[in-house]
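Enquirer: I am sharing protein25.cif, which consists of mmCIF, N, CA and C atoms:
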data_entry
loop_
_atom_site.label_atom_id
_atom_site.label_comp_id
_atom_site.auth_asym_id
_atom_site.auth_seq_id
_atom_site.Cartn_x
_atom_site.Cartn_y
_atom_site.Cartn_z
N MET A 173 107.59 80.63 62.41
CA MET A 173 107.71 81.95 61.83
C MET A 173 108.15 82.95 62.90
N GLY A 174 109.12 83.77 62.56
CA GLY A 174 109.64 84.74 63.51
C GLY A 174 108.82 86.01 63.57
N PHE A 175 109.26 86.90 64.39
CA PHE A 175 108.64 88.20 64.54
C PHE A 175 108.97 89.01 63.30
N THR A 176 107.96 89.54 62.64
CA THR A 176 108.17 90.17 61.34
C THR A 176 108.53 91.65 61.45
N GLU A 177 109.04 92.17 60.36
CA GLU A 177 109.36 93.59 60.28
C GLU A 177 108.11 94.43 60.49
N ASN A 178 106.99 93.98 59.93
CA ASN A 178 105.73 94.71 60.09
C ASN A 178 105.26 94.69 61.54
N GLN A 179 105.41 93.57 62.22
CA GLN A 179 105.02 93.50 63.63
C GLN A 179 105.86 94.47 64.46
N GLU A 180 107.15 94.49 64.19
CA GLU A 180 108.03 95.41 64.91
C GLU A 180 107.61 96.86 64.64
N ALA A 181 107.28 97.18 63.39
CA ALA A 181 106.85 98.53 63.02
C ALA A 181 105.55 98.91 63.73
N LEU A 182 104.63 97.96 63.84
CA LEU A 182 103.36 98.22 64.54
C LEU A 182 103.61 98.55 66.02
N VAL A 183 104.46 97.77 66.65
CA VAL A 183 104.78 98.02 68.06
C VAL A 183 105.48 99.38 68.19
N ASN A 184 106.45 99.63 67.34
CA ASN A 184 107.19 100.90 67.41
C ASN A 184 106.28 102.11 67.24
N SER A 185 105.40 102.08 66.25
CA SER A 185 104.55 103.25 65.99
C SER A 185 103.56 103.47 67.13
N SER A 186 103.00 102.40 67.68
CA SER A 186 102.05 102.58 68.78
C SER A 186 102.79 102.96 70.07
N TRP A 187 104.02 102.54 70.23
CA TRP A 187 104.86 102.96 71.36
C TRP A 187 105.09 104.48 71.29
N GLU A 188 105.38 104.97 70.10
CA GLU A 188 105.57 106.42 69.93
C GLU A 188 104.29 107.18 70.27
N SER A 189 103.14 106.65 69.88
CA SER A 189 101.86 107.28 70.20
C SER A 189 101.61 107.25 71.71
N PHE A 190 101.96 106.15 72.36
CA PHE A 190 101.83 106.02 73.81
C PHE A 190 102.61 107.13 74.51
N LYS A 191 103.84 107.35 74.07
CA LYS A 191 104.70 108.34 74.72
C LYS A 191 104.17 109.76 74.56
N GLN A 192 103.36 110.01 73.52
CA GLN A 192 102.84 111.36 73.29
C GLN A 192 101.86 111.82 74.38
N ASN A 193 101.26 110.87 75.09
CA ASN A 193 100.39 111.22 76.23
C ASN A 193 100.75 110.31 77.39
N LEU A 194 102.01 110.32 77.76
CA LEU A 194 102.50 109.45 78.83
C LEU A 194 101.72 109.61 80.13
N PRO A 195 101.42 110.84 80.59
CA PRO A 195 100.67 110.96 81.85
C PRO A 195 99.29 110.28 81.77
N GLY A 196 98.54 110.56 80.73
CA GLY A 196 97.19 109.99 80.61
C GLY A 196 97.19 108.49 80.45
N TYR A 197 98.05 107.98 79.57
CA TYR A 197 98.07 106.54 79.33
C TYR A 197 98.66 105.77 80.51
N SER A 198 99.55 106.40 81.27
CA SER A 198 100.10 105.75 82.47
C SER A 198 99.00 105.55 83.50
N VAL A 199 98.19 106.58 83.73
CA VAL A 199 97.08 106.48 84.66
C VAL A 199 96.08 105.42 84.17
N PHE A 200 95.78 105.43 82.89
CA PHE A 200 94.86 104.44 82.30
C PHE A 200 95.39 103.01 82.54
N PHE A 201 96.67 102.79 82.29
CA PHE A 201 97.30 101.48 82.45
C PHE A 201 97.18 100.97 83.89
N TYR A 202 97.59 101.80 84.86
CA TYR A 202 97.56 101.35 86.25
C TYR A 202 96.14 101.26 86.80
N THR A 203 95.24 102.11 86.34
CA THR A 203 93.84 102.00 86.73
C THR A 203 93.28 100.66 86.26
N THR A 204 93.63 100.26 85.05
CA THR A 204 93.17 98.99 84.50
C THR A 204 93.73 97.82 85.31
N ILE A 205 95.00 97.90 85.68
CA ILE A 205 95.60 96.83 86.51
C ILE A 205 94.84 96.71 87.83
N LEU A 206 94.60 97.85 88.49
CA LEU A 206 93.97 97.80 89.82
C LEU A 206 92.49 97.43 89.75
N GLU A 207 91.84 97.67 88.62
CA GLU A 207 90.46 97.20 88.45
C GLU A 207 90.42 95.68 88.45
N LYS A 208 91.42 95.06 87.84
CA LYS A 208 91.46 93.60 87.73
C LYS A 208 92.08 92.95 88.98
N ALA A 209 93.02 93.65 89.60
CA ALA A 209 93.75 93.08 90.74
C ALA A 209 94.01 94.17 91.78
N PRO A 210 92.98 94.55 92.55
CA PRO A 210 93.15 95.64 93.53
C PRO A 210 94.29 95.40 94.52
N ALA A 211 94.54 94.16 94.87
CA ALA A 211 95.59 93.85 95.84
C ALA A 211 96.98 94.15 95.31
N ALA A 212 97.11 94.31 94.00
CA ALA A 212 98.42 94.59 93.41
C ALA A 212 98.91 96.00 93.75
N LYS A 213 98.03 96.84 94.26
CA LYS A 213 98.39 98.22 94.58
C LYS A 213 99.64 98.30 95.44
N GLY A 214 99.73 97.42 96.42
CA GLY A 214 100.87 97.43 97.34
C GLY A 214 102.19 97.03 96.70
N MET A 215 102.13 96.47 95.49
CA MET A 215 103.36 96.05 94.81
C MET A 215 104.09 97.24 94.17
N PHE A 216 103.38 98.34 94.00
CA PHE A 216 103.96 99.51 93.36
C PHE A 216 104.19 100.59 94.41
N SER A 217 105.45 100.92 94.65
CA SER A 217 105.78 101.90 95.70
C SER A 217 105.08 103.24 95.46
N PHE A 218 104.90 103.62 94.21
CA PHE A 218 104.29 104.91 93.89
C PHE A 218 102.77 104.90 94.02
N LEU A 219 102.16 103.74 94.27
CA LEU A 219 100.71 103.65 94.46
C LEU A 219 100.34 103.27 95.89
N LYS A 220 101.27 102.67 96.61
CA LYS A 220 101.00 102.04 97.90
C LYS A 220 100.23 102.95 98.86
N ASP A 221 100.66 104.19 99.00
CA ASP A 221 100.05 105.08 99.99
C ASP A 221 99.05 106.07 99.40
N SER A 222 98.67 105.88 98.15
CA SER A 222 97.73 106.81 97.52
C SER A 222 96.31 106.26 97.60
N THR A 223 95.34 107.16 97.48
CA THR A 223 93.94 106.73 97.54
C THR A 223 93.50 106.09 96.23
N GLY A 224 94.15 106.44 95.15
CA GLY A 224 93.82 105.88 93.83
C GLY A 224 95.01 106.09 92.92
N VAL A 225 94.79 105.87 91.66
CA VAL A 225 95.88 106.07 90.70
C VAL A 225 95.93 107.55 90.36
N GLN A 226 97.02 108.17 90.75
CA GLN A 226 97.22 109.58 90.45
C GLN A 226 98.51 109.73 89.67
N ASP A 227 98.51 110.68 88.76
CA ASP A 227 99.69 110.92 87.96
C ASP A 227 100.84 111.37 88.84
N SER A 228 102.01 110.81 88.59
CA SER A 228 103.22 111.22 89.29
C SER A 228 104.41 110.88 88.41
N PRO A 229 105.55 111.52 88.67
CA PRO A 229 106.74 111.19 87.88
C PRO A 229 107.11 109.70 87.99
N GLN A 230 106.95 109.11 89.17
CA GLN A 230 107.29 107.69 89.36
C GLN A 230 106.35 106.80 88.56
N LEU A 231 105.06 107.13 88.56
CA LEU A 231 104.07 106.36 87.80
C LEU A 231 104.41 106.40 86.31
N GLN A 232 104.68 107.60 85.81
CA GLN A 232 105.03 107.76 84.40
C GLN A 232 106.31 107.02 84.06
N ALA A 233 107.32 107.14 84.92
CA ALA A 233 108.60 106.48 84.66
C ALA A 233 108.44 104.97 84.60
N HIS A 234 107.64 104.42 85.52
CA HIS A 234 107.45 102.97 85.53
C HIS A 234 106.66 102.50 84.31
N ALA A 235 105.61 103.24 83.96
CA ALA A 235 104.82 102.87 82.77
C ALA A 235 105.70 102.95 81.52
N GLU A 236 106.49 104.00 81.42
CA GLU A 236 107.36 104.15 80.26
C GLU A 236 108.36 102.99 80.20
N LYS A 237 108.84 102.57 81.36
CA LYS A 237 109.79 101.45 81.41
C LYS A 237 109.11 100.15 80.97
N VAL A 238 107.91 99.88 81.49
CA VAL A 238 107.20 98.64 81.13
C VAL A 238 106.93 98.58 79.62
N PHE A 239 106.32 99.64 79.10
CA PHE A 239 105.98 99.65 77.67
C PHE A 239 107.25 99.68 76.81
N GLY A 240 108.27 100.39 77.29
CA GLY A 240 109.54 100.44 76.57
C GLY A 240 110.23 99.09 76.52
N MET A 241 110.13 98.33 77.61
CA MET A 241 110.73 96.99 77.62
C MET A 241 110.00 96.05 76.67
N VAL A 242 108.69 96.20 76.56
CA VAL A 242 107.94 95.38 75.60
C VAL A 242 108.35 95.78 74.18
N ARG A 243 108.49 97.06 73.95
CA ARG A 243 108.95 97.54 72.63
C ARG A 243 110.34 96.98 72.34
N ASP A 244 111.23 97.04 73.32
CA ASP A 244 112.58 96.48 73.14
C ASP A 244 112.53 94.98 72.88
N ALA A 245 111.59 94.30 73.53
CA ALA A 245 111.42 92.86 73.30
C ALA A 245 111.04 92.60 71.84
N ALA A 246 110.19 93.47 71.29
CA ALA A 246 109.80 93.33 69.88
C ALA A 246 111.02 93.49 68.98
N VAL A 247 111.86 94.45 69.28
CA VAL A 247 113.08 94.68 68.49
C VAL A 247 113.99 93.46 68.57
N GLN A 248 114.16 92.92 69.78
CA GLN A 248 115.01 91.74 69.97
C GLN A 248 114.43 90.52 69.25
N LEU A 249 113.12 90.34 69.35
CA LEU A 249 112.50 89.19 68.68
C LEU A 249 112.72 89.26 67.18
N ARG A 250 112.62 90.44 66.63
CA ARG A 250 112.83 90.63 65.19
C ARG A 250 114.30 90.35 64.83
N ALA A 251 115.22 90.84 65.67
CA ALA A 251 116.65 90.73 65.37
C ALA A 251 117.22 89.34 65.63
N THR A 252 116.82 88.73 66.77
CA THR A 252 117.49 87.49 67.19
C THR A 252 116.54 86.33 67.46
N GLY A 253 115.24 86.61 67.54
CA GLY A 253 114.29 85.54 67.82
C GLY A 253 114.12 85.22 69.28
N GLU A 254 114.79 85.99 70.17
CA GLU A 254 114.63 85.76 71.60
C GLU A 254 114.77 87.08 72.35
N VAL A 255 114.30 87.07 73.60
CA VAL A 255 114.38 88.26 74.44
C VAL A 255 115.38 87.99 75.55
N VAL A 256 116.34 88.89 75.67
CA VAL A 256 117.33 88.82 76.74
C VAL A 256 117.17 90.09 77.58
N LEU A 257 117.04 89.92 78.88
CA LEU A 257 116.84 91.07 79.76
C LEU A 257 118.09 91.94 79.81
N GLY A 258 117.88 93.23 79.68
CA GLY A 258 118.98 94.18 79.82
C GLY A 258 119.30 94.46 81.28
N ASP A 259 118.34 94.21 82.15
CA ASP A 259 118.48 94.46 83.58
C ASP A 259 118.41 93.12 84.32
N ALA A 260 119.55 92.65 84.77
CA ALA A 260 119.63 91.34 85.42
C ALA A 260 118.90 91.30 86.76
N THR A 261 118.56 92.46 87.33
CA THR A 261 117.89 92.48 88.63
C THR A 261 116.37 92.31 88.53
N LEU A 262 115.83 92.30 87.32
CA LEU A 262 114.37 92.22 87.17
C LEU A 262 113.77 90.98 87.81
N GLY A 263 114.45 89.86 87.71
CA GLY A 263 113.94 88.63 88.33
C GLY A 263 113.81 88.78 89.83
N SER A 264 114.87 89.25 90.48
CA SER A 264 114.85 89.37 91.94
C SER A 264 113.88 90.45 92.41
N ILE A 265 113.74 91.52 91.64
CA ILE A 265 112.77 92.57 91.99
C ILE A 265 111.35 92.01 91.95
N HIS A 266 111.04 91.23 90.91
CA HIS A 266 109.70 90.64 90.80
C HIS A 266 109.45 89.62 91.91
N ILE A 267 110.46 88.86 92.29
CA ILE A 267 110.33 87.92 93.42
C ILE A 267 110.07 88.70 94.70
N GLN A 268 110.86 89.74 94.94
CA GLN A 268 110.73 90.56 96.14
C GLN A 268 109.33 91.18 96.26
N LYS A 269 108.75 91.56 95.14
CA LYS A 269 107.42 92.18 95.15
C LYS A 269 106.29 91.16 95.24
N GLY A 270 106.63 89.87 95.14
CA GLY A 270 105.62 88.81 95.26
C GLY A 270 104.86 88.55 93.96
N VAL A 271 105.47 88.86 92.84
CA VAL A 271 104.82 88.65 91.54
C VAL A 271 104.71 87.15 91.25
N VAL A 272 103.52 86.73 90.83
CA VAL A 272 103.26 85.34 90.44
C VAL A 272 102.62 85.34 89.06
N ASP A 273 102.51 84.16 88.45
CA ASP A 273 102.01 84.05 87.08
C ASP A 273 100.74 84.85 86.78
N PRO A 274 99.71 84.78 87.64
CA PRO A 274 98.49 85.54 87.32
C PRO A 274 98.73 87.05 87.17
N HIS A 275 99.74 87.58 87.85
CA HIS A 275 100.04 89.01 87.71
C HIS A 275 100.49 89.34 86.29
N PHE A 276 101.24 88.44 85.68
CA PHE A 276 101.68 88.67 84.30
C PHE A 276 100.49 88.75 83.35
N VAL A 277 99.46 87.95 83.63
CA VAL A 277 98.26 87.95 82.80
C VAL A 277 97.53 89.29 82.94
N VAL A 278 97.40 89.77 84.17
CA VAL A 278 96.72 91.05 84.41
C VAL A 278 97.45 92.19 83.72
N VAL A 279 98.77 92.20 83.84
CA VAL A 279 99.56 93.27 83.21
C VAL A 279 99.42 93.20 81.69
N LYS A 280 99.44 91.99 81.14
CA LYS A 280 99.28 91.83 79.69
C LYS A 280 97.94 92.38 79.23
N GLU A 281 96.86 92.03 79.96
CA GLU A 281 95.53 92.52 79.59
C GLU A 281 95.47 94.05 79.68
N ALA A 282 96.07 94.62 80.72
CA ALA A 282 96.08 96.08 80.89
C ALA A 282 96.92 96.75 79.80
N LEU A 283 98.02 96.13 79.45
CA LEU A 283 98.88 96.65 78.39
C LEU A 283 98.12 96.69 77.06
N LEU A 284 97.47 95.60 76.72
CA LEU A 284 96.72 95.55 75.46
C LEU A 284 95.54 96.53 75.46
N LYS A 285 94.85 96.65 76.58
CA LYS A 285 93.74 97.59 76.67
C LYS A 285 94.25 99.03 76.51
N THR A 286 95.42 99.30 77.08
CA THR A 286 96.01 100.64 76.97
C THR A 286 96.41 100.93 75.53
N ILE A 287 97.06 99.97 74.88
CA ILE A 287 97.46 100.18 73.48
C ILE A 287 96.23 100.37 72.60
N LYS A 288 95.18 99.63 72.89
CA LYS A 288 93.93 99.80 72.12
C LYS A 288 93.40 101.22 72.30
N GLU A 289 93.48 101.73 73.51
CA GLU A 289 93.07 103.11 73.79
C GLU A 289 93.98 104.10 73.04
N VAL A 290 95.27 103.82 73.03
CA VAL A 290 96.25 104.68 72.36
C VAL A 290 95.96 104.81 70.87
N VAL A 291 95.74 103.67 70.20
CA VAL A 291 95.65 103.69 68.73
C VAL A 291 94.23 103.91 68.21
N GLY A 292 93.24 103.75 69.05
CA GLY A 292 91.86 103.99 68.63
C GLY A 292 91.45 103.14 67.44
N ASP A 293 91.01 103.79 66.37
CA ASP A 293 90.49 103.04 65.22
C ASP A 293 91.58 102.37 64.38
N LYS A 294 92.83 102.54 64.77
CA LYS A 294 93.92 101.82 64.07
C LYS A 294 94.16 100.44 64.70
N TRP A 295 93.38 100.12 65.73
CA TRP A 295 93.50 98.81 66.41
C TRP A 295 93.20 97.70 65.42
N SER A 296 94.01 96.66 65.44
CA SER A 296 93.80 95.51 64.56
C SER A 296 94.27 94.25 65.27
N GLU A 297 93.86 93.12 64.73
CA GLU A 297 94.29 91.84 65.26
C GLU A 297 95.81 91.72 65.17
N GLU A 298 96.38 92.18 64.08
CA GLU A 298 97.83 92.10 63.90
C GLU A 298 98.57 92.96 64.92
N LEU A 299 98.04 94.14 65.21
CA LEU A 299 98.66 95.01 66.21
C LEU A 299 98.59 94.34 67.58
N SER A 300 97.43 93.80 67.91
CA SER A 300 97.26 93.10 69.19
C SER A 300 98.24 91.94 69.30
N THR A 301 98.30 91.12 68.27
CA THR A 301 99.20 89.96 68.28
C THR A 301 100.66 90.38 68.42
N SER A 302 101.03 91.46 67.77
CA SER A 302 102.41 91.95 67.83
C SER A 302 102.80 92.30 69.27
N TRP A 303 101.93 93.06 69.95
CA TRP A 303 102.19 93.41 71.35
C TRP A 303 102.15 92.17 72.24
N GLU A 304 101.21 91.25 71.98
CA GLU A 304 101.11 90.03 72.79
C GLU A 304 102.38 89.19 72.69
N VAL A 305 102.87 88.98 71.48
CA VAL A 305 104.06 88.16 71.29
C VAL A 305 105.27 88.82 71.96
N ALA A 306 105.40 90.13 71.79
CA ALA A 306 106.52 90.85 72.42
C ALA A 306 106.40 90.78 73.94
N TYR A 307 105.21 91.00 74.49
CA TYR A 307 105.02 90.93 75.93
C TYR A 307 105.31 89.52 76.45
N ASP A 308 104.81 88.51 75.75
CA ASP A 308 105.05 87.13 76.18
C ASP A 308 106.54 86.81 76.20
N GLY A 309 107.28 87.32 75.23
CA GLY A 309 108.73 87.12 75.20
C GLY A 309 109.40 87.76 76.40
N LEU A 310 108.99 88.98 76.73
CA LEU A 310 109.54 89.67 77.89
C LEU A 310 109.15 88.96 79.18
N ALA A 311 107.88 88.61 79.31
CA ALA A 311 107.41 87.93 80.53
C ALA A 311 108.15 86.60 80.73
N SER A 312 108.37 85.90 79.65
CA SER A 312 109.10 84.64 79.73
C SER A 312 110.54 84.86 80.23
N ALA A 313 111.17 85.91 79.74
CA ALA A 313 112.54 86.21 80.17
C ALA A 313 112.58 86.60 81.65
N ILE A 314 111.57 87.36 82.10
CA ILE A 314 111.51 87.76 83.51
C ILE A 314 111.26 86.52 84.38
N LYS A 315 110.33 85.66 83.97
CA LYS A 315 110.04 84.43 84.73
C LYS A 315 111.28 83.55 84.83
N LYS A 316 112.03 83.46 83.75
CA LYS A 316 113.26 82.67 83.72
C LYS A 316 114.25 83.24 84.75
N ALA A 317 114.35 84.56 84.80
CA ALA A 317 115.25 85.22 85.76
C ALA A 317 114.76 85.06 87.19
N MET A 318 113.48 84.78 87.36
CA MET A 318 112.91 84.59 88.70
C MET A 318 113.17 83.19 89.24
N SER A 319 113.51 82.26 88.36
CA SER A 319 113.67 80.87 88.86
C SER A 319 115.11 80.55 89.18
#
What does this structure look like when you write it as structure tokens?
Expert:
Amino acid sequence: MGFTENQEALVNSSWESFKQNLPGYSVFFYTTILEKAPAAKGMFSFLKDSTGVQDSPQLQAHAEKVFGMVRDAAVQLRATGEVVLGDATLGSIHIQKGVVDPHFVVVKEALLKTIKEVVGDKWSEELSTSWEVAYDGLASAIKKAMS
């Protein structure tokens, strides 16, 4: 079974809600990542020299890019059944930063926790699954570009 129209709609609507408080949700997302993997701080240029997660244009831009790419993955999965990276340099950037499989798991958990925070009582198993499938498609495409 492919990615459904309803799954795409769930991802799109929660993506729009995420963007409505980009500064707050960006800080929440990266705080969640660093709670699970404190050593990952050095992988993000905008966090490397800071004492903690602080709002900045770079932090917001990166969070918007990450969540936007997952949203785009959902659109691609619905349209074609696969995710193709729009940015061919993503594989080499992730290699250069030292990203390994466990990092993808941490980011996925932080992404889902952030979306749950975004949607509040609208959180559902179907919404969670929709973001998970889209994220897994994107992560798979990035890993493929890394090899």
Enquirer: CA of Ser319 in chain A and CA of Lys285 in chain A, how far apart in Å?
Expert: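 Distance reported for this atom pair: 28.7 Å.
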Enquirer: A:Phe175, A:Tyr307, A:Trp187, A:Tyr197: which is nearest Gln232 in chain A, counting only C-alpha atoms?
Expert: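 Comparing A:Phe175, A:Tyr307, A:Trp187, A:Tyr197 against Gln232 in chain A, the winner is A:Tyr197.
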Enquirer: Show which residues sit within 8 Å of Glu180 in chain A, as a PyMOL selection string. Count only C-alpha atoms, and ignore same-chain residues fewer than 3 positions away.
Expert: chain A and resi 175-177+183-184+246-247+250+302
Enquirer: Enumerate the residues of range 197-303 of chain A with a DSSP assignment of alpha helix (DSSP H), computed from the backbone, and present them as number ranges by chain.
Expert: A: 197-208, 229-252, 262-268, 273-291, 297-303
Enquirer: Using only N, CA and C atoms, which protein or nucleic acid residues come within 8 Å of range 260-276 of chain A? Drop anything in the same chain fewer than 5 positions from it, and give the result as a ChimeraX atom specification.
Expert: /A:214-216,281-282,311,313-319
Enquirer: Near Leu194 in chain A, within 8 Å and counting all atoms listed in the file, which residues show up once chain neighbours fewer than 2 positions away are dropped, as an mmCIF file with N, CA and C atoms, in the frame of the given file?
Expert:
data_model
loop_
_atom_site.group_PDB
_atom_site.id
_atom_site.type_symbol
_atom_site.label_atom_id
_atom_site.label_comp_id
_atom_site.auth_asym_id
_atom_site.auth_seq_id
_atom_site.Cartn_x
_atom_site.Cartn_y
_atom_site.Cartn_z
ATOM 1 N N SER A 189 103.140 106.650 69.880
ATOM 2 C CA SER A 189 101.860 107.280 70.200
ATOM 3 C C SER A 189 101.610 107.250 71.710
ATOM 4 N N PHE A 190 101.960 106.150 72.360
ATOM 5 C CA PHE A 190 101.830 106.020 73.810
ATOM 6 C C PHE A 190 102.610 107.130 74.510
ATOM 7 N N LYS A 191 103.840 107.350 74.070
ATOM 8 C CA LYS A 191 104.700 108.340 74.720
ATOM 9 C C LYS A 191 104.170 109.760 74.560
ATOM 10 N N GLN A 192 103.360 110.010 73.520
ATOM 11 C CA GLN A 192 102.840 111.360 73.290
ATOM 12 C C GLN A 192 101.860 111.820 74.380
ATOM 13 N N GLY A 196 98.540 110.560 80.730
ATOM 14 C CA GLY A 196 97.190 109.990 80.610
ATOM 15 C C GLY A 196 97.190 108.490 80.450
ATOM 16 N N TYR A 197 98.050 107.980 79.570
ATOM 17 C CA TYR A 197 98.070 106.540 79.330
ATOM 18 C C TYR A 197 98.660 105.770 80.510
ATOM 19 N N SER A 198 99.550 106.400 81.270
ATOM 20 C CA SER A 198 100.100 105.750 82.470
ATOM 21 C C SER A 198 99.000 105.550 83.500
ATOM 22 N N VAL A 199 98.190 106.580 83.730
ATOM 23 C CA VAL A 199 97.080 106.480 84.660
ATOM 24 C C VAL A 199 96.080 105.420 84.170
ATOM 25 N N PHE A 200 95.780 105.430 82.890
ATOM 26 C CA PHE A 200 94.860 104.440 82.300
ATOM 27 C C PHE A 200 95.390 103.010 82.540
ATOM 28 N N LEU A 231 105.060 107.130 88.560
ATOM 29 C CA LEU A 231 104.070 106.360 87.800
ATOM 30 C C LEU A 231 104.410 106.400 86.310
ATOM 31 N N GLN A 232 104.680 107.600 85.810
ATOM 32 C CA GLN A 232 105.030 107.760 84.400
ATOM 33 C C GLN A 232 106.310 107.020 84.060
ATOM 34 N N ALA A 233 107.320 107.140 84.920
ATOM 35 C CA ALA A 233 108.600 106.480 84.660
ATOM 36 C C ALA A 233 108.440 104.970 84.600
ATOM 37 N N ALA A 235 105.610 103.240 83.960
ATOM 38 C CA ALA A 235 104.820 102.870 82.770
ATOM 39 C C ALA A 235 105.700 102.950 81.520
ATOM 40 N N GLU A 236 106.490 104.000 81.420
ATOM 41 C CA GLU A 236 107.360 104.150 80.260
ATOM 42 C C GLU A 236 108.360 102.990 80.200
#
Enquirer: Please report the interatomic distance between CA of Glu298 in chain A and CA of Lys237 in chain A in Å with one decimal.
Expert: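 Spanning CA of Glu298 in chain A to CA of Lys237 in chain A is a straight-line distance of 23.2 Å.
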Enquirer: May I ask for the distance between atom N of Asp308 in chain A and atom N of Leu283 in chain A, given in Å to one decimal place?
Expert: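 Between these atoms lies a distance of 10.9 Å.
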Enquirer: Of the candidates A:Ser312, A:Gly253, A:Ala209, A:Glu304, which one gets nearest to Lys280 in chain A if we count all atoms listed in the file?
Expert: A:Glu304
Enquirer: Pick the closest to Arg243 in chain A from A:Val255, A:Leu206, A:Val290, A:Ala306: which is it, counting only C-alpha atoms?
Expert: A:Ala306
Enquirer: Closest to Thr204 in chain A among A:Val305, A:Trp295, A:Gly258, A:Glu289, using only C-alpha atoms?
Expert: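 Among the listed residues, A:Glu289 lies closest to Thr204 in chain A.
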Enquirer: Is it possible to get the axis-aligned box enclosing range 287-294 of chain A (all listed atoms, 3 Å extra per side) as lines of an AutoDock Vina configuration file, with centre and edge lengths in Å rounded to one decimal?
Expert:
center_x = 94.0
center_y = 102.2
center_z = 69.5
size_x = 13.0
size_y = 11.2
size_z = 16.8
